[in-house]
file entry-v4.txt (compact mmCIF, C-alpha atoms and all ligand atoms)
# COMPACT_ATOMS: atom_id res chain seq x y z
CA MET C 1 70.97 81.14 44.11
CA VAL C 2 72.73 81.50 47.46
CA SER C 3 74.71 84.74 47.72
CA GLY C 4 78.50 85.15 47.89
CA ALA C 5 80.66 82.81 49.98
CA GLU C 6 77.69 80.66 51.03
CA ASP C 7 77.52 79.08 47.58
CA SER C 8 79.86 76.04 47.64
CA ARG C 9 80.11 76.11 43.82
CA THR C 10 81.88 79.49 43.91
CA GLN C 11 84.20 78.92 46.89
CA ALA C 12 87.94 78.39 46.44
CA PRO C 13 89.33 74.86 46.87
CA VAL C 14 90.20 73.93 50.45
CA TRP C 15 92.44 71.40 52.22
CA VAL C 16 90.94 68.54 54.20
CA PHE C 17 93.12 66.49 56.58
CA GLY C 18 92.81 62.70 56.58
CA TYR C 19 94.11 60.73 59.57
CA GLY C 20 92.12 57.50 59.22
CA SER C 21 90.80 55.72 56.16
CA LEU C 22 91.10 58.92 54.16
CA ILE C 23 94.87 58.35 54.16
CA TRP C 24 94.72 55.17 52.09
CA ARG C 25 91.23 55.22 50.58
CA PRO C 26 90.07 58.66 49.48
CA ASP C 27 86.79 57.93 47.70
CA PHE C 28 86.34 61.43 46.32
CA PRO C 29 87.94 63.58 43.64
CA TYR C 30 90.84 65.81 44.72
CA LEU C 31 93.08 68.39 43.08
CA ASP C 32 96.24 67.67 45.07
CA ARG C 33 97.37 65.41 47.89
CA ARG C 34 100.27 65.95 50.31
CA PRO C 35 101.49 64.38 53.57
CA ALA C 36 100.65 66.80 56.36
CA THR C 37 100.63 67.24 60.12
CA LEU C 38 98.11 68.59 62.58
CA ALA C 39 99.56 69.88 65.85
CA GLY C 40 97.81 69.49 69.19
CA TRP C 41 95.79 66.39 68.36
CA ALA C 42 96.33 62.63 68.82
CA ARG C 43 94.74 59.77 66.86
CA ARG C 44 92.84 57.28 69.03
CA PHE C 45 90.65 54.22 68.39
CA TRP C 46 88.02 55.65 70.69
CA GLN C 47 85.05 56.14 68.37
CA GLY C 48 82.37 53.49 67.98
CA SER C 49 81.50 52.51 64.41
CA HIS C 50 77.90 51.40 63.89
CA ASP C 51 77.82 52.07 60.17
CA HIS C 52 81.25 51.18 58.69
CA ARG C 53 83.28 48.66 60.74
CA GLY C 54 80.55 47.47 63.06
CA VAL C 55 76.77 47.37 63.41
CA PRO C 56 74.45 49.04 65.92
CA ASP C 57 74.32 46.01 68.24
CA ALA C 58 78.06 45.33 67.95
CA PRO C 59 79.98 48.51 67.12
CA GLY C 60 83.56 48.38 65.96
CA ARG C 61 86.29 50.86 66.87
CA VAL C 62 87.61 53.53 64.50
CA VAL C 63 89.77 56.59 64.96
CA THR C 64 88.96 60.06 66.12
CA LEU C 65 91.24 62.87 67.27
CA VAL C 66 91.52 63.93 70.89
CA PRO C 67 93.17 67.11 72.16
CA ALA C 68 96.86 66.49 72.98
CA PRO C 69 98.83 69.73 73.29
CA GLU C 70 102.22 67.95 73.13
CA GLU C 71 101.46 65.74 70.13
CA THR C 72 101.31 66.08 66.37
CA CYS C 73 99.17 63.84 64.19
CA ILE C 74 100.60 62.76 60.83
CA GLY C 75 98.19 62.22 57.97
CA MET C 76 97.38 63.14 54.40
CA ALA C 77 95.92 66.44 53.21
CA TYR C 78 93.74 66.66 50.11
CA ARG C 79 92.90 69.83 48.23
CA ILE C 80 89.26 69.54 47.27
CA GLU C 81 86.43 71.53 45.80
CA HIS C 82 83.86 72.60 48.40
CA THR C 83 81.19 70.46 46.77
CA VAL C 84 83.12 67.34 47.97
CA PHE C 85 82.06 68.20 51.54
CA ASP C 86 78.52 67.06 50.68
CA HIS C 87 79.90 63.54 50.21
CA LEU C 88 82.24 63.67 53.22
CA ASP C 89 79.64 65.15 55.56
CA TYR C 90 77.34 62.23 54.73
CA ARG C 91 80.05 59.55 54.90
CA GLU C 92 81.19 60.75 58.33
CA LYS C 93 77.79 61.34 59.84
CA ASN C 94 78.11 58.98 62.83
CA GLY C 95 79.27 61.48 65.46
CA TYR C 96 81.88 63.37 63.44
CA GLU C 97 81.89 67.14 63.03
CA ARG C 98 83.79 69.15 60.47
CA VAL C 99 86.26 71.44 62.29
CA ALA C 100 88.39 74.26 60.84
CA VAL C 101 92.13 73.81 61.52
CA SER C 102 95.59 74.91 60.39
CA LEU C 103 97.59 72.18 58.68
CA THR C 104 101.29 71.98 57.96
CA LEU C 105 102.06 70.47 54.57
CA ASP C 106 105.20 68.44 53.85
CA ASP C 107 106.96 71.51 52.42
CA ALA C 108 106.28 73.39 55.72
CA ASP C 109 103.54 75.53 54.19
CA VAL C 110 100.82 76.25 56.76
CA VAL C 111 97.35 76.24 55.23
CA ALA C 112 93.79 76.60 56.40
CA GLY C 113 91.86 73.36 56.25
CA ALA C 114 89.20 71.14 57.72
CA VAL C 115 89.21 67.85 59.60
CA TYR C 116 86.46 65.50 60.79
CA ILE C 117 86.57 64.96 64.54
CA ALA C 118 84.19 62.89 66.68
CA PRO C 119 84.28 64.88 69.92
CA ILE C 120 84.61 63.27 73.34
CA GLY C 121 81.12 62.42 74.60
CA ASN C 122 79.37 62.19 71.20
CA HIS C 123 76.62 59.55 70.98
CA ALA C 124 78.98 56.92 69.48
CA PHE C 125 82.04 57.72 71.61
CA LEU C 126 83.57 54.70 73.38
CA GLY C 127 86.68 56.25 74.88
CA ASP C 128 89.75 54.53 76.23
CA ALA C 129 89.89 50.92 77.41
CA PRO C 130 92.64 48.41 78.20
CA ILE C 131 94.51 47.55 75.01
CA GLU C 132 93.49 43.86 75.11
CA GLU C 133 89.84 44.83 75.43
CA MET C 134 90.04 47.20 72.44
CA ALA C 135 91.91 44.50 70.48
CA ARG C 136 89.19 41.90 71.22
CA GLN C 137 86.48 44.30 70.10
CA ILE C 138 88.34 45.06 66.86
CA ARG C 139 88.99 41.35 66.17
CA ARG C 140 85.32 40.41 66.39
CA SER C 141 83.77 43.47 64.64
CA ALA C 142 82.68 43.91 61.05
CA GLY C 143 80.26 46.17 59.21
CA PRO C 144 79.19 47.32 55.75
CA SER C 145 82.70 48.66 54.98
CA GLY C 146 84.42 45.41 56.01
CA GLU C 147 86.33 43.87 58.89
CA ASN C 148 87.47 46.13 61.70
CA VAL C 149 90.83 44.31 61.74
CA ASP C 150 91.44 45.28 58.10
CA TYR C 151 90.77 48.94 58.93
CA LEU C 152 93.38 48.83 61.71
CA VAL C 153 96.04 46.99 59.68
CA GLU C 154 95.50 49.16 56.59
CA LEU C 155 95.83 52.27 58.75
CA ALA C 156 99.05 50.97 60.33
CA ASP C 157 100.43 50.13 56.85
CA ALA C 158 99.51 53.57 55.54
CA LEU C 159 101.25 55.21 58.52
CA ARG C 160 104.39 53.15 57.93
CA GLY C 161 104.22 54.32 54.31
CA LEU C 162 104.25 57.91 55.57
CA GLY C 163 107.15 57.17 57.90
CA ALA C 164 104.90 57.96 60.86
CA HIS C 165 105.35 56.28 64.20
CA ASP C 166 102.02 56.20 66.02
CA ALA C 167 102.56 54.28 69.26
CA HIS C 168 98.82 53.88 69.95
CA VAL C 169 98.00 52.44 66.50
CA PHE C 170 101.06 50.18 66.38
CA ALA C 171 100.45 48.81 69.90
CA LEU C 172 96.85 48.03 69.00
CA GLU C 173 97.92 46.37 65.76
CA ALA C 174 100.44 44.20 67.64
CA ALA C 175 97.77 43.22 70.19
CA VAL C 176 95.25 42.35 67.48
CA LEU C 177 97.70 40.27 65.46
CA ALA C 178 99.21 38.47 68.50
CA ARG C 179 97.25 35.29 69.11
C1 LIG K 201 89.95 60.40 58.21
O1 LIG K 201 90.36 59.46 57.62
O2 LIG K 201 90.55 61.44 58.27
C2 LIG K 201 88.67 60.37 58.90
C3 LIG K 201 88.58 59.64 60.04
C4 LIG K 201 87.39 59.61 60.69
C5 LIG K 201 86.32 60.32 60.19
C6 LIG K 201 86.47 61.07 59.07
C7 LIG K 201 87.65 61.10 58.41

call {"tool": "encode", "arguments": {"input": "entry-v4.txt", "output": "structure tokens", "more": "lines below"}}
Ligand code: BEZ
result
Amino acid sequence: MVSGAEDSRTQAPVWVFGYGSLIWRPDFPYLDRRPATLAGWARRFWQGSHDHRGVPDAPGRVVTLVPAPEETCIGMAYRIEHTVFDHLDYREKNGYERVAVSLTLDDADVVAGAVYIAPIGNHAFLGDAPIEEMARQIRRSAGPSGENVDYLVELADALRGLGAHDAHVFALEAAVLAR
């Protein structure tokens, strides 16, 4: 048996911050769930998706977080057992890394947590592009998890449900839906 804190079966539950599909479709068991914010980061459709909303020859676009000292990202925090990371680490394997952060829960409690971030320059990183170009890519992309458009619209709906205004997501949604 692994000693002390290295054994995930003996570690205390921890918070994980969802800012993409984890907001509306957590496919893992959790002990608690609360709206939360993460300061200093902005959500952007800058990560290529070869395994969920696109395929290797035609990647879709999904969200990652980029450093933004003046911004605060609104999402959903889940309190999970450490063993759930085995599932999440696998699900988010395409360029994402698990990063330790401080989260602010909806009651203003600040807690230690984790978030999956696909860093700038990772092998699947696409970066910024003109909004119409990103919208075209999202419109035509699909992968094993479904249509890229559905991912964008479901994210925008989930953010409206949280009362969050995310100018980047809403502008992209408007561009995708405008025909
Ligand atoms: C999320 O929904 O928080 C999430 C987004 C991208 C990768 C992993 C998780």

call {"tool": "residues_near_ligand", "arguments": {"input": "entry-v4.txt", "ligand": "ligand LIG 201 (chain K)", "cutoff": "6 Å", "atoms": "only C-alpha atoms and all ligand atoms", "output": "compact mmCIF listing (two decimals) with C-alpha atoms, keeping the file's coordinate frame"}}
result
# COMPACT_ATOMS: atom_id res chain seq x y z
CA PHE C 17 93.12 66.49 56.58
CA GLY C 18 92.81 62.70 56.58
CA TYR C 19 94.11 60.73 59.57
CA GLY C 20 92.12 57.50 59.22
CA SER C 21 90.80 55.72 56.16
CA LEU C 22 91.10 58.92 54.16
CA ILE C 23 94.87 58.35 54.16
CA VAL C 63 89.77 56.59 64.96
CA THR C 64 88.96 60.06 66.12
CA GLU C 92 81.19 60.75 58.33
CA TYR C 116 86.46 65.50 60.79

call {"tool": "atom_distance", "arguments": {"input": "entry-v4.txt", "atom1": "CA of Ala36 (chain C)", "atom2": "CA of Leu105 (chain C)"}}
result
4.3 Å

call {"tool": "atom_distance", "arguments": {"input": "entry-v4.txt", "atom1": "CA of Ser102 (chain C)", "atom2": "CA of Arg25 (chain C)"}}
result
22.4 Å

call {"tool": "residues_around", "arguments": {"input": "entry-v4.txt", "residues": "region 127-140 of chain C", "least_positions_apart": "4", "cutoff": "7 Å", "atoms": "only C-alpha atoms", "output": "number ranges by chain"}}
result
C: 46-47, 60-61, 148-149, 172, 175-176

call {"tool": "closest_residue", "arguments": {"input": "entry-v4.txt", "among": "C:Ala167, C:Leu65, C:Ala142, C:Leu31", "to": "Ile80 (chain C)", "atoms": "only C-alpha atoms"}}
result
C:Leu31

call {"tool": "residues_near_point", "arguments": {"input": "entry-v4.txt", "point": "(92.1, 70.8, 53.8)", "cutoff": "12 Å", "atoms": "all atoms listed in the file", "output": "PyMOL selection string"}}
result
chain C and resi 12-19+22+30-38+75-82+84-85+98-105+110-116

call {"tool": "write_last_selection", "arguments": {"input": "entry-v4.txt", "atoms": "C-alpha atoms", "output": "PDB file, keeping the file's coordinate frame"}}
result
ATOM      1  CA  ALA C  12      87.940  78.390  46.440  1.00  0.00           C
ATOM      2  CA  PRO C  13      89.330  74.860  46.870  1.00  0.00           C
ATOM      3  CA  VAL C  14      90.200  73.930  50.450  1.00  0.00           C
ATOM      4  CA  TRP C  15      92.440  71.400  52.220  1.00  0.00           C
ATOM      5  CA  VAL C  16      90.940  68.540  54.200  1.00  0.00           C
ATOM      6  CA  PHE C  17      93.120  66.490  56.580  1.00  0.00           C
ATOM      7  CA  GLY C  18      92.810  62.700  56.580  1.00  0.00           C
ATOM      8  CA  TYR C  19      94.110  60.730  59.570  1.00  0.00           C
ATOM      9  CA  LEU C  22      91.100  58.920  54.160  1.00  0.00           C
ATOM     10  CA  TYR C  30      90.840  65.810  44.720  1.00  0.00           C
ATOM     11  CA  LEU C  31      93.080  68.390  43.080  1.00  0.00           C
ATOM     12  CA  ASP C  32      96.240  67.670  45.070  1.00  0.00           C
ATOM     13  CA  ARG C  33      97.370  65.410  47.890  1.00  0.00           C
ATOM     14  CA  ARG C  34     100.270  65.950  50.310  1.00  0.00           C
ATOM     15  CA  PRO C  35     101.490  64.380  53.570  1.00  0.00           C
ATOM     16  CA  ALA C  36     100.650  66.800  56.360  1.00  0.00           C
ATOM     17  CA  THR C  37     100.630  67.240  60.120  1.00  0.00           C
ATOM     18  CA  LEU C  38      98.110  68.590  62.580  1.00  0.00           C
ATOM     19  CA  GLY C  75      98.190  62.220  57.970  1.00  0.00           C
ATOM     20  CA  MET C  76      97.380  63.140  54.400  1.00  0.00           C
ATOM     21  CA  ALA C  77      95.920  66.440  53.210  1.00  0.00           C
ATOM     22  CA  TYR C  78      93.740  66.660  50.110  1.00  0.00           C
ATOM     23  CA  ARG C  79      92.900  69.830  48.230  1.00  0.00           C
ATOM     24  CA  ILE C  80      89.260  69.540  47.270  1.00  0.00           C
ATOM     25  CA  GLU C  81      86.430  71.530  45.800  1.00  0.00           C
ATOM     26  CA  HIS C  82      83.860  72.600  48.400  1.00  0.00           C
ATOM     27  CA  VAL C  84      83.120  67.340  47.970  1.00  0.00           C
ATOM     28  CA  PHE C  85      82.060  68.200  51.540  1.00  0.00           C
ATOM     29  CA  ARG C  98      83.790  69.150  60.470  1.00  0.00           C
ATOM     30  CA  VAL C  99      86.260  71.440  62.290  1.00  0.00           C
ATOM     31  CA  ALA C 100      88.390  74.260  60.840  1.00  0.00           C
ATOM     32  CA  VAL C 101      92.130  73.810  61.520  1.00  0.00           C
ATOM     33  CA  SER C 102      95.590  74.910  60.390  1.00  0.00           C
ATOM     34  CA  LEU C 103      97.590  72.180  58.680  1.00  0.00           C
ATOM     35  CA  THR C 104     101.290  71.980  57.960  1.00  0.00           C
ATOM     36  CA  LEU C 105     102.060  70.470  54.570  1.00  0.00           C
ATOM     37  CA  VAL C 110     100.820  76.250  56.760  1.00  0.00           C
ATOM     38  CA  VAL C 111      97.350  76.240  55.230  1.00  0.00           C
ATOM     39  CA  ALA C 112      93.790  76.600  56.400  1.00  0.00           C
ATOM     40  CA  GLY C 113      91.860  73.360  56.250  1.00  0.00           C
ATOM     41  CA  ALA C 114      89.200  71.140  57.720  1.00  0.00           C
ATOM     42  CA  VAL C 115      89.210  67.850  59.600  1.00  0.00           C
ATOM     43  CA  TYR C 116      86.460  65.500  60.790  1.00  0.00           C
TER      44      TYR C 116
END

call {"tool": "atom_distance", "arguments": {"input": "entry-v4.txt", "atom1": "CA of Val55 (chain C)", "atom2": "CA of Gly143 (chain C)"}}
result
5.6 Å

call {"tool": "closest_residue", "arguments": {"input": "entry-v4.txt", "among": "C:Leu177, C:Asp166, C:Ile117, C:Ala171", "to": "Asp150 (chain C)", "atoms": "all atoms listed in the file"}}
result
C:Leu177

call {"tool": "residues_around", "arguments": {"input": "entry-v4.txt", "residues": "Trp41 (chain C)", "least_positions_apart": "3", "cutoff": "9 Å", "atoms": "all atoms listed in the file", "output": "ChimeraX atom specification"}}
result
/C:38,65-73

call {"tool": "residues_around", "arguments": {"input": "entry-v4.txt", "residues": "Asn94 (chain C)", "least_positions_apart": "4", "cutoff": "8 Å", "atoms": "all atoms listed in the file", "output": "JSON, numbers by chain"}}
result
{"C": [49, 50, 51, 124]}

call {"tool": "closest_residue", "arguments": {"input": "entry-v4.txt", "among": "C:Pro59, C:Gly40, C:Pro144, C:Gly95", "to": "Ile120 (chain C)", "atoms": "only C-alpha atoms"}}
result
C:Gly95

call {"tool": "residues_around", "arguments": {"input": "entry-v4.txt", "residues": "Ala156 (chain C)", "least_positions_apart": "6", "cutoff": "8 Å", "atoms": "all atoms listed in the file", "output": "ChimeraX atom specification"}}
result
/C:169-170,173

call {"tool": "write_last_selection", "arguments": {"input": "entry-v4.txt", "atoms": "C-alpha atoms", "output": "PDB file, keeping the file's coordinate frame"}}
result
ATOM      1  CA  VAL C 169      98.000  52.440  66.500  1.00  0.00           C
ATOM      2  CA  PHE C 170     101.060  50.180  66.380  1.00  0.00           C
ATOM      3  CA  GLU C 173      97.920  46.370  65.760  1.00  0.00           C
TER       4      GLU C 173
END
